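Trainee: File coords.cif follows (mmCIF, C-alpha atoms and all ligand atoms):
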data_my_file
loop_
_atom_site.group_PDB
_atom_site.id
_atom_site.type_symbol
_atom_site.label_atom_id
_atom_site.label_comp_id
_atom_site.auth_asym_id
_atom_site.auth_seq_id
_atom_site.Cartn_x
_atom_site.Cartn_y
_atom_site.Cartn_z
ATOM 1 C CA MET A 1 -9.180 -22.262 9.864
ATOM 2 C CA VAL A 2 -5.537 -21.252 9.874
ATOM 3 C CA GLU A 3 -4.119 -20.994 13.406
ATOM 4 C CA SER A 4 -2.438 -17.703 14.193
ATOM 5 C CA PHE A 5 1.279 -17.742 13.525
ATOM 6 C CA VAL A 6 4.159 -15.570 12.301
ATOM 7 C CA ARG A 7 7.375 -16.530 10.495
ATOM 8 C CA LEU A 8 10.209 -14.373 9.285
ATOM 9 C CA MET A 9 12.778 -15.670 6.824
ATOM 10 C CA PRO A 10 15.733 -13.400 6.106
ATOM 11 C CA LYS A 11 17.069 -13.145 2.563
ATOM 12 C CA GLN A 12 20.688 -14.067 1.968
ATOM 13 C CA GLY A 13 23.007 -11.469 3.485
ATOM 14 C CA PHE A 14 20.307 -10.120 5.835
ATOM 15 C CA GLN A 15 20.516 -12.691 8.628
ATOM 16 C CA GLU A 16 20.235 -10.032 11.327
ATOM 17 C CA TRP A 17 16.683 -9.048 10.299
ATOM 18 C CA PRO A 18 14.592 -11.392 12.461
ATOM 19 C CA SER A 19 16.307 -10.100 15.609
ATOM 20 C CA LEU A 20 16.262 -6.516 14.290
ATOM 21 C CA MET A 21 12.501 -6.796 13.693
ATOM 22 C CA GLY A 22 12.138 -7.921 17.312
ATOM 23 C CA ASP A 23 13.949 -4.771 18.484
ATOM 24 C CA MET A 24 11.805 -2.624 16.193
ATOM 25 C CA ALA A 25 8.576 -4.141 17.534
ATOM 26 C CA GLU A 26 9.763 -3.489 21.084
ATOM 27 C CA LEU A 27 10.356 0.185 20.268
ATOM 28 C CA CYS A 28 6.859 0.429 18.713
ATOM 29 C CA ARG A 29 5.238 -1.054 21.845
ATOM 30 C CA GLU A 30 7.248 1.267 24.027
ATOM 31 C CA THR A 31 6.100 4.252 21.937
ATOM 32 C CA GLU A 32 2.436 3.357 22.550
ATOM 33 C CA TYR A 33 3.024 3.323 26.288
ATOM 34 C CA ARG A 34 5.022 6.533 26.195
ATOM 35 C CA LEU A 35 2.257 8.372 24.322
ATOM 36 C CA VAL A 36 -0.173 7.617 27.179
ATOM 37 C CA LYS A 37 2.373 8.549 29.799
ATOM 38 C CA ASP A 38 3.082 11.856 28.060
ATOM 39 C CA GLY A 39 -0.633 12.626 27.734
ATOM 40 C CA TYR A 40 -0.917 12.442 23.916
ATOM 41 C CA ARG A 41 -3.644 9.804 24.192
ATOM 42 C CA LYS A 42 -5.918 8.415 26.860
ATOM 43 C CA ALA A 43 -5.336 4.669 26.586
ATOM 44 C CA THR A 44 -3.270 1.837 25.182
ATOM 45 C CA THR A 45 -3.660 -1.907 25.545
ATOM 46 C CA LEU A 46 -1.055 -3.934 27.405
ATOM 47 C CA HIS A 47 -0.505 -7.663 27.835
ATOM 48 C CA ILE A 48 0.968 -8.699 31.153
ATOM 49 C CA GLU A 49 2.390 -12.160 31.693
ATOM 50 C CA ASP A 50 3.376 -13.895 34.874
ATOM 51 C CA ARG A 51 7.061 -13.566 33.991
ATOM 52 C CA ASN A 52 6.935 -9.767 33.617
ATOM 53 C CA TYR A 53 4.126 -8.944 36.059
ATOM 54 C CA LYS A 54 6.322 -7.495 38.787
ATOM 55 C CA GLU A 55 8.462 -5.398 36.473
ATOM 56 C CA LEU A 56 5.510 -3.969 34.507
ATOM 57 C CA MET A 57 3.262 -3.253 37.481
ATOM 58 C CA GLU A 58 6.084 -1.502 39.306
ATOM 59 C CA ARG A 59 6.767 0.600 36.258
ATOM 60 C CA ILE A 60 3.083 1.505 35.807
ATOM 61 C CA ASN A 61 2.856 2.487 39.473
ATOM 62 C CA LYS A 62 6.039 4.547 39.256
ATOM 63 C CA ASP A 63 4.713 6.364 36.186
ATOM 64 C CA GLY A 64 1.482 7.194 38.047
ATOM 65 C CA LEU A 65 -0.661 5.268 35.542
ATOM 66 C CA ILE A 66 -3.555 2.837 36.008
ATOM 67 C CA TYR A 67 -3.657 -0.735 34.717
ATOM 68 C CA THR A 68 -7.154 -2.149 34.218
ATOM 69 C CA PRO A 69 -7.197 -5.934 33.701
ATOM 70 C CA ILE A 70 -9.884 -6.912 31.185
ATOM 71 C CA LEU A 71 -9.509 -10.588 30.369
ATOM 72 C CA LYS A 72 -7.448 -13.624 31.355
ATOM 73 C CA ALA A 73 -6.539 -14.501 27.800
ATOM 74 C CA ALA A 74 -5.303 -17.743 26.256
ATOM 75 C CA TYR A 75 -2.002 -17.664 24.373
ATOM 76 C CA SER A 76 -1.877 -17.625 20.592
ATOM 77 C CA GLU A 77 1.082 -16.907 18.381
ATOM 78 C CA GLY A 78 1.387 -13.639 16.503
ATOM 79 C CA PHE A 79 -1.320 -11.233 15.511
ATOM 80 C CA ILE A 80 -4.842 -11.856 16.794
ATOM 81 C CA HIS A 81 -8.063 -9.965 16.155
ATOM 82 C CA GLU A 82 -9.841 -10.997 19.335
ATOM 83 C CA HIS A 83 -8.842 -12.188 22.774
ATOM 84 C CA LYS A 84 -10.051 -15.591 23.870
ATOM 85 C CA GLU A 85 -10.631 -16.336 27.526
ATOM 86 C CA ALA A 86 -8.215 -18.937 28.944
ATOM 87 C CA LYS A 87 -9.840 -22.092 30.264
ATOM 88 C CA GLU A 88 -9.311 -23.214 33.855
ATOM 89 C CA GLY A 89 -5.708 -24.382 34.307
ATOM 90 C CA GLU A 90 -4.642 -23.194 30.833
ATOM 91 C CA PRO A 91 -1.624 -20.854 30.595
ATOM 92 C CA PHE A 92 -2.792 -17.226 30.331
ATOM 93 C CA TYR A 93 -1.749 -13.597 30.189
ATOM 94 C CA TRP A 94 -3.693 -10.533 31.256
ATOM 95 C CA TYR A 95 -5.160 -8.443 28.479
ATOM 96 C CA GLY A 96 -5.878 -4.964 29.787
ATOM 97 C CA CYS A 97 -5.352 -1.268 29.275
ATOM 98 C CA VAL A 98 -3.127 1.491 30.601
ATOM 99 C CA THR A 99 -4.695 4.882 31.231
ATOM 100 C CA LYS A 100 -4.028 7.988 33.290
ATOM 101 C CA THR A 101 -7.242 7.712 35.278
ATOM 102 C CA TYR A 102 -9.423 4.982 36.808
ATOM 103 C CA LYS A 103 -12.463 6.378 34.988
ATOM 104 C CA GLU A 104 -10.844 6.065 31.561
ATOM 105 C CA GLY A 105 -9.726 2.530 32.401
ATOM 106 C CA GLN A 106 -13.301 1.554 33.237
ATOM 107 C CA GLU A 107 -14.611 3.273 30.092
ATOM 108 C CA PHE A 108 -12.132 1.296 28.015
ATOM 109 C CA LYS A 109 -13.068 -1.998 29.671
ATOM 110 C CA LYS A 110 -16.750 -1.361 29.042
ATOM 111 C CA ALA A 111 -16.192 -0.367 25.402
ATOM 112 C CA ASP A 112 -13.935 -3.385 24.828
ATOM 113 C CA GLY A 113 -16.719 -5.693 25.982
ATOM 114 C CA SER A 114 -14.638 -8.882 26.109
ATOM 115 C CA ALA A 115 -14.888 -9.148 29.928
ATOM 116 C CA GLU A 116 -18.676 -9.458 29.547
ATOM 117 C CA GLN A 117 -18.591 -11.326 26.220
ATOM 118 C CA LYS A 118 -20.139 -8.330 24.496
ATOM 119 C CA LYS A 119 -19.311 -6.894 21.099
ATOM 120 C CA PRO A 120 -16.728 -4.117 21.208
ATOM 121 C CA ASN A 121 -17.718 -0.494 20.659
ATOM 122 C CA HIS A 122 -15.033 0.328 18.082
ATOM 123 C CA ILE A 123 -15.902 4.011 17.925
ATOM 124 C CA LYS A 124 -15.510 4.526 21.649
ATOM 125 C CA LEU A 125 -12.326 2.389 21.726
ATOM 126 C CA GLY A 126 -10.831 4.289 18.801
ATOM 127 C CA LYS A 127 -11.454 7.598 20.549
ATOM 128 C CA LEU A 128 -9.860 6.408 23.797
ATOM 129 C CA LEU A 129 -6.880 5.116 21.807
ATOM 130 C CA GLY A 130 -6.564 8.535 20.153
ATOM 131 C CA TYR A 131 -7.028 7.352 16.554
ATOM 132 C CA PRO A 132 -8.069 9.787 13.792
ATOM 133 C CA GLU A 133 -11.839 9.933 13.272
ATOM 134 C CA CYS A 134 -11.682 9.053 9.561
ATOM 135 C CA CYS A 135 -9.759 5.871 10.432
ATOM 136 C CA ILE A 136 -12.096 4.953 13.326
ATOM 137 C CA ASP A 137 -15.013 5.271 10.943
ATOM 138 C CA TYR A 138 -13.245 3.140 8.314
ATOM 139 C CA PHE A 139 -12.410 0.399 10.819
ATOM 140 C CA ASN A 140 -15.918 0.371 12.270
ATOM 141 C CA LYS A 141 -17.416 -0.127 8.790
ATOM 142 C CA LYS A 142 -14.898 -2.594 7.391
ATOM 143 C CA PHE A 143 -14.058 -4.787 10.393
ATOM 144 C CA PRO A 144 -17.336 -6.782 10.191
ATOM 145 C CA GLN A 145 -16.464 -7.655 6.555
ATOM 146 C CA ASN A 146 -12.785 -8.364 7.075
ATOM 147 C CA TRP A 147 -11.007 -8.515 10.434
ATOM 148 C CA ASP A 148 -7.676 -7.571 8.856
ATOM 149 C CA PRO A 149 -8.904 -4.470 6.992
ATOM 150 C CA ILE A 150 -5.890 -3.197 5.098
ATOM 151 C CA TRP A 151 -7.522 -0.927 2.462
ATOM 152 C CA ILE A 152 -9.812 -3.770 1.504
ATOM 153 C CA GLU A 153 -11.006 -2.175 -1.701
ATOM 154 C CA LYS A 154 -7.454 -1.824 -3.046
ATOM 155 C CA SER A 155 -5.118 -4.165 -4.883
ATOM 156 C CA GLY A 156 -2.183 -3.897 -7.283
ATOM 157 C CA ARG A 157 0.037 -0.842 -7.112
ATOM 158 C CA VAL A 158 -0.687 1.195 -3.982
ATOM 159 C CA CYS A 159 1.293 4.362 -3.212
ATOM 160 C CA GLY A 160 1.171 5.929 0.224
ATOM 161 C CA TYR A 161 2.920 7.439 3.216
ATOM 162 C CA PRO A 162 5.237 5.282 5.372
ATOM 163 C CA GLU A 163 3.135 6.366 8.398
ATOM 164 C CA CYS A 164 0.109 4.624 6.814
ATOM 165 C CA ASN A 165 1.981 1.423 5.937
ATOM 166 C CA ARG A 166 0.458 -1.368 8.029
ATOM 167 C CA LEU A 167 1.686 -4.256 5.891
ATOM 168 C CA LEU A 168 4.155 -5.346 8.579
ATOM 169 C CA ARG A 169 1.638 -5.151 11.425
ATOM 170 C CA TYR A 170 1.820 -8.908 12.023
ATOM 171 C CA PHE A 171 5.404 -8.440 13.204
ATOM 172 C CA GLY A 172 4.547 -5.371 15.316
ATOM 173 C CA VAL A 173 6.471 -2.888 13.156
ATOM 174 C CA HIS A 174 4.716 0.356 12.212
ATOM 175 C CA ILE A 175 4.596 4.082 12.868
ATOM 176 C CA THR A 176 1.088 4.681 14.326
ATOM 177 C CA TRP A 177 -0.889 1.751 15.640
ATOM 178 C CA HIS A 178 -4.242 1.889 13.864
ATOM 179 C CA PHE A 179 -5.489 0.789 10.440
ATOM 180 C CA SER A 180 -5.297 3.909 8.287
ATOM 181 C CA CYS A 181 -8.440 4.611 6.250
ATOM 182 C CA SER A 182 -6.327 5.236 3.160
ATOM 183 C CA PRO A 183 -2.659 4.849 2.154
ATOM 184 C CA VAL A 184 -2.576 8.645 1.964
ATOM 185 C CA CYS A 185 -4.567 9.524 5.109
ATOM 186 C CA GLU A 186 -3.272 12.982 6.110
ATOM 187 C CA LYS A 187 -4.453 12.564 9.711
ATOM 188 C CA THR A 188 -2.429 9.359 10.037
ATOM 189 C CA LYS A 189 0.596 11.114 8.598
ATOM 190 C CA GLU A 190 0.175 13.854 11.203
ATOM 191 C CA GLU A 191 -0.237 11.307 14.010
ATOM 192 C CA GLY A 192 2.831 9.514 12.669
ATOM 193 C CA LYS A 193 4.948 12.644 13.116
ATOM 194 C CA LYS A 194 4.172 12.614 16.835
ATOM 195 C CA TRP A 195 4.956 8.886 16.986
ATOM 196 C CA PHE A 196 8.194 9.277 15.099
ATOM 197 C CA SER A 197 9.444 12.101 17.312
ATOM 198 C CA VAL A 198 8.764 10.014 20.459
ATOM 199 C CA MET A 199 10.459 7.005 18.842
ATOM 200 C CA LYS A 200 13.513 9.069 17.920
ATOM 201 C CA GLU A 201 13.829 10.380 21.477
ATOM 202 C CA MET A 202 14.152 6.785 22.683
ATOM 203 C CA ASP A 203 16.330 5.351 19.893
ATOM 204 C CA LYS A 204 17.088 7.583 16.937
ATOM 205 C CA GLU A 205 18.971 5.018 14.877
ATOM 206 C CA LEU A 206 16.351 2.282 15.258
ATOM 207 C CA ALA A 207 13.482 4.740 14.638
ATOM 208 C CA GLU A 208 15.102 5.753 11.354
ATOM 209 C CA LYS A 209 15.547 2.106 10.365
ATOM 210 C CA ILE A 210 11.803 1.562 10.943
ATOM 211 C CA TYR A 211 10.949 4.595 8.807
ATOM 212 C CA ASN A 212 13.241 3.380 6.027
ATOM 213 C CA LEU A 213 11.797 -0.128 6.120
ATOM 214 C CA LEU A 214 8.217 1.144 5.849
ATOM 215 C CA SER A 215 9.332 3.313 2.913
ATOM 216 C CA LYS A 216 10.709 0.361 0.907
ATOM 217 C CA SER A 217 8.726 -1.216 -1.899
ATOM 218 C CA MET A 218 7.104 -4.437 -0.658
ATOM 219 C CA THR A 219 4.529 -6.991 -1.726
ATOM 220 C CA TRP A 220 1.604 -8.129 0.434
ATOM 221 C CA ASP A 221 0.120 -11.298 -1.013
ATOM 222 C CA SER A 222 -2.948 -12.754 0.693
ATOM 223 C CA TYR A 223 -4.698 -16.050 -0.102
ATOM 224 C CA HIS A 224 -6.535 -18.723 1.894
ATOM 225 C CA GLY A 225 -5.881 -17.085 5.253
ATOM 226 C CA VAL A 226 -2.117 -16.774 4.874
ATOM 227 C CA VAL A 227 -0.363 -13.542 3.945
ATOM 228 C CA GLN A 228 3.162 -13.357 2.583
ATOM 229 C CA ILE A 229 4.984 -10.049 2.765
ATOM 230 C CA GLU A 230 8.167 -9.706 0.786
ATOM 231 C CA THR A 231 10.563 -6.837 1.543
ATOM 232 C CA PRO A 232 14.106 -6.328 0.218
ATOM 233 C CA TYR A 233 15.415 -7.970 3.432
ATOM 234 C CA PHE A 234 13.059 -10.818 4.333
ATOM 235 C CA VAL A 235 9.922 -12.747 3.548
ATOM 236 C CA GLY A 236 7.343 -12.810 6.316
ATOM 237 C CA LEU A 237 4.308 -15.055 6.731
ATOM 238 C CA SER A 238 1.284 -14.686 8.947
ATOM 239 C CA ARG A 239 -2.351 -15.557 9.351
ATOM 240 C CA THR A 240 -4.865 -13.098 7.910
ATOM 241 C CA PHE A 241 -8.489 -12.864 6.871
ATOM 242 C CA PRO A 242 -9.014 -15.674 4.318
ATOM 243 C CA TYR A 243 -9.613 -14.827 0.679
ATOM 244 C CA LEU A 244 -10.932 -18.052 -0.802
ATOM 245 C CA GLU A 245 -12.023 -17.174 -4.345
ATOM 246 C CA LYS A 246 -8.925 -15.376 -5.457
ATOM 247 C CA LYS A 247 -5.874 -13.818 -3.892
ATOM 248 C CA ARG A 248 -5.421 -10.132 -3.191
ATOM 249 C CA VAL A 249 -1.992 -8.587 -3.775
ATOM 250 C CA ILE A 250 -0.802 -5.124 -2.810
ATOM 251 C CA ASN A 251 2.391 -3.802 -4.388
ATOM 252 C CA TRP A 252 3.358 -1.058 -1.967
ATOM 253 C CA GLU A 253 5.389 1.952 -2.994
ATOM 254 C CA VAL A 254 6.054 5.056 -1.036
ATOM 255 C CA LYS A 255 4.385 8.172 -2.419
ATOM 256 C CA LYS A 256 6.898 10.549 -3.964
ATOM 257 C CA LYS A 257 6.662 14.060 -2.625
HETATM 258 ZN ZN ZN B 301 -7.829 8.298 8.212
#
Starting from the file, give its structure as structure tokens.

Mentor:
Amino acid sequence: MVESFVRLMPKQGFQEWPSLMGDMAELCRETEYRLVKDGYRKATTLHIEDRNYKELMERINKDGLIYTPILKAAYSEGFIHEHKEAKEGEPFYWYGCVTKTYKEGQEFKKADGSAEQKKPNHIKLGKLLGYPECCIDYFNKKFPQNWDPIWIEKSGRVCGYPECNRLLRYFGVHITWHFSCSPVCEKTKEEGKKWFSVMKEMDKELAEKIYNLLSKSMTWDSYHGVVQIETPYFVGLSRTFPYLEKKRVINWEVKKK
């Protein structure tokens, strides 16, 4: 099995991209939090480490929100599809959720299931996270077949909305957080408008850079548990669901209006 990892290699002349992608991912995480704070959605997940515990908890308290710790999780690099409990003495971070109320926090913890080593209730989680119903349904059906379900029935040329583009999810860069059920999911596009307006309020220039990046043609090439994503600025690598028989390639293009 391929261990989880992420790598970003800038193309010549685009050396600033790895650090720029870090800033973009930070803005995306911040947007998730802000959407709960502003009441657009009930819950978001949040990882809290020892080094940022004080700062984050003080902020959550100040914002009048609730943090529900779910699992003491072991570290792994990059994108993961499940949280593993840290063993005694192993370094750990808290995996948990942020909500407006205690009740919603408890509902999320129960639906997540990882505290009790139960299977997650994806439908309930999706609703608490405020995802569109069509996409919750898609994820619930496809996740058991492929834990990285990016339009699993599609390959070759795929045209869609930038709001639905999840090909850079491994690096934390996207507008909307969920797996869209289709590259042209209208509900995701709608949700993305809300996201984008919140992003722009915080950092207009960076938000526009994210939108432009997701609108660029890119190739997502997946084989043997490693995915390579090539954009005009960099080549990124990450772990993904392993295709062993043959590779699957998506050539992403933004849908012309
Ligand atoms: Zn959808």

Trainee: List all protein, DNA and RNA residues that have an atom no more than 8 Å from any atom of ligand ZN 301 (chain B), counting all atoms listed in the file, and report them as a ChimeraX atom specification.

Mentor: /A:132-136,138,180-182,185-188

Trainee: Grab the atom CA of Leu244 of chain A to atom CA of Ser222 of chain A distance for me, in Å with one decimal place.

Mentor: 9.7 Å

Trainee: Counting all atoms listed in the file, which residues come within 8 Å of (-6.6, -11.9, -0.1), with the point read in the file's coordinates, and could you list them as a list of chain:residue names?

Mentor: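 Result, sorted by chain then residue number: A:Asp221, A:Ser222, A:Tyr223, A:His224, A:Gly225, A:Val227, A:Phe241, A:Pro242, A:Tyr243, A:Leu244, A:Lys246, A:Lys247, A:Arg248, A:Val249.
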
Trainee: List the residues selected by the PyMOL selection byres (((chain A and resi 252) around 10) and not hetatm) in the file shown, writing them as a PyMOL selection string.

Mentor: chain A and resi 155-162+165+167+183+214-220+231+249-251+253-255

Trainee: Which residue is closest to Phe139 of chain A? Choose from A:Phe179, A:Ile229, A:Lys189, A:His174 and count all atoms listed in the file.

Mentor: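 With all atoms listed in the file as the atom set, the closest residue is A:Phe179.
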
Trainee: Excluding Leu128 of chain A and its own-chain neighbours fewer than 2 positions away, which residues fall within 8 Å of it when counting all atoms listed in the file? Please give them as a list in words.

Mentor: Arg41, Lys42, Ala43, Glu104, Phe108, Lys124, Leu125, Gly126, Gly130 and Tyr131 of chain A

Trainee: Can I get C-alpha atoms for segment 90-158 of chain A, as a PDB file, in the first residue's frame?

Mentor:
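Listing of result_39.pdb after writing:
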ATOM      1  CA  GLU A  90       2.735   8.279  19.624  1.00  0.00           C
ATOM      2  CA  PRO A  91       2.529  11.915  18.451  1.00  0.00           C
ATOM      3  CA  PHE A  92      -1.111  12.890  17.824  1.00  0.00           C
ATOM      4  CA  TYR A  93      -3.502  15.667  16.902  1.00  0.00           C
ATOM      5  CA  TRP A  94      -7.157  16.038  17.800  1.00  0.00           C
ATOM      6  CA  TYR A  95      -9.629  15.317  15.043  1.00  0.00           C
ATOM      7  CA  GLY A  96     -12.937  16.956  15.878  1.00  0.00           C
ATOM      8  CA  CYS A  97     -15.666  19.264  14.684  1.00  0.00           C
ATOM      9  CA  VAL A  98     -16.712  22.876  15.106  1.00  0.00           C
ATOM     10  CA  THR A  99     -20.411  23.620  15.457  1.00  0.00           C
ATOM     11  CA  LYS A 100     -22.648  26.351  16.824  1.00  0.00           C
ATOM     12  CA  THR A 101     -24.302  24.111  19.393  1.00  0.00           C
ATOM     13  CA  TYR A 102     -23.337  21.251  21.726  1.00  0.00           C
ATOM     14  CA  LYS A 103     -26.158  19.126  20.302  1.00  0.00           C
ATOM     15  CA  GLU A 104     -24.883  19.413  16.730  1.00  0.00           C
ATOM     16  CA  GLY A 105     -21.364  18.592  17.911  1.00  0.00           C
ATOM     17  CA  GLN A 106     -22.613  15.397  19.545  1.00  0.00           C
ATOM     18  CA  GLU A 107     -24.680  14.510  16.462  1.00  0.00           C
ATOM     19  CA  PHE A 108     -21.586  14.913  14.309  1.00  0.00           C
ATOM     20  CA  LYS A 109     -19.455  12.776  16.623  1.00  0.00           C
ATOM     21  CA  LYS A 110     -22.050  10.015  16.597  1.00  0.00           C
ATOM     22  CA  ALA A 111     -22.446  10.110  12.804  1.00  0.00           C
ATOM     23  CA  ASP A 112     -18.665  10.135  12.318  1.00  0.00           C
ATOM     24  CA  GLY A 113     -18.379   6.929  14.329  1.00  0.00           C
ATOM     25  CA  SER A 114     -14.577   6.894  14.583  1.00  0.00           C
ATOM     26  CA  ALA A 115     -14.611   7.486  18.374  1.00  0.00           C
ATOM     27  CA  GLU A 116     -16.494   4.185  18.760  1.00  0.00           C
ATOM     28  CA  GLN A 117     -14.812   2.420  15.824  1.00  0.00           C
ATOM     29  CA  LYS A 118     -18.107   2.386  13.955  1.00  0.00           C
ATOM     30  CA  LYS A 119     -18.720   2.998  10.276  1.00  0.00           C
ATOM     31  CA  PRO A 120     -19.543   6.608   9.449  1.00  0.00           C
ATOM     32  CA  ASN A 121     -23.070   7.651   8.513  1.00  0.00           C
ATOM     33  CA  HIS A 122     -22.148   9.620   5.382  1.00  0.00           C
ATOM     34  CA  ILE A 123     -25.668  10.891   4.793  1.00  0.00           C
ATOM     35  CA  LYS A 124     -25.977  12.399   8.245  1.00  0.00           C
ATOM     36  CA  LEU A 125     -22.414  13.809   8.074  1.00  0.00           C
ATOM     37  CA  GLY A 126     -23.044  15.324   4.652  1.00  0.00           C
ATOM     38  CA  LYS A 127     -26.172  17.055   5.925  1.00  0.00           C
ATOM     39  CA  LEU A 128     -24.382  18.483   8.968  1.00  0.00           C
ATOM     40  CA  LEU A 129     -21.570  19.681   6.695  1.00  0.00           C
ATOM     41  CA  GLY A 130     -24.157  21.390   4.477  1.00  0.00           C
ATOM     42  CA  TYR A 131     -23.343  19.491   1.269  1.00  0.00           C
ATOM     43  CA  PRO A 132     -25.857  19.302  -1.609  1.00  0.00           C
ATOM     44  CA  GLU A 133     -28.102  16.230  -1.434  1.00  0.00           C
ATOM     45  CA  CYS A 134     -27.180  14.966  -4.916  1.00  0.00           C
ATOM     46  CA  CYS A 135     -23.497  14.990  -3.913  1.00  0.00           C
ATOM     47  CA  ILE A 136     -24.150  13.326  -0.525  1.00  0.00           C
ATOM     48  CA  ASP A 137     -25.999  10.575  -2.343  1.00  0.00           C
ATOM     49  CA  TYR A 138     -23.165  10.187  -4.873  1.00  0.00           C
ATOM     50  CA  PHE A 139     -20.509   9.981  -2.155  1.00  0.00           C
ATOM     51  CA  ASN A 140     -22.518   7.508  -0.092  1.00  0.00           C
ATOM     52  CA  LYS A 141     -22.858   5.180  -3.103  1.00  0.00           C
ATOM     53  CA  LYS A 142     -19.358   5.513  -4.527  1.00  0.00           C
ATOM     54  CA  PHE A 143     -17.164   5.731  -1.419  1.00  0.00           C
ATOM     55  CA  PRO A 144     -17.376   1.966  -0.679  1.00  0.00           C
ATOM     56  CA  GLN A 145     -16.058   1.297  -4.224  1.00  0.00           C
ATOM     57  CA  ASN A 146     -13.401   3.989  -4.290  1.00  0.00           C
ATOM     58  CA  TRP A 147     -12.365   6.158  -1.341  1.00  0.00           C
ATOM     59  CA  ASP A 148     -11.207   8.956  -3.644  1.00  0.00           C
ATOM     60  CA  PRO A 149     -14.402   9.202  -5.726  1.00  0.00           C
ATOM     61  CA  ILE A 150     -13.684  11.848  -8.329  1.00  0.00           C
ATOM     62  CA  TRP A 151     -16.403  11.127 -10.948  1.00  0.00           C
ATOM     63  CA  ILE A 152     -15.334   7.508 -10.989  1.00  0.00           C
ATOM     64  CA  GLU A 153     -17.231   6.632 -14.131  1.00  0.00           C
ATOM     65  CA  LYS A 154     -15.466   9.341 -16.152  1.00  0.00           C
ATOM     66  CA  SER A 155     -12.161   9.490 -17.987  1.00  0.00           C
ATOM     67  CA  GLY A 156     -10.647  11.400 -20.903  1.00  0.00           C
ATOM     68  CA  ARG A 157     -11.906  14.886 -21.647  1.00  0.00           C
ATOM     69  CA  VAL A 158     -14.083  16.183 -18.810  1.00  0.00           C
TER      70      VAL A 158
END
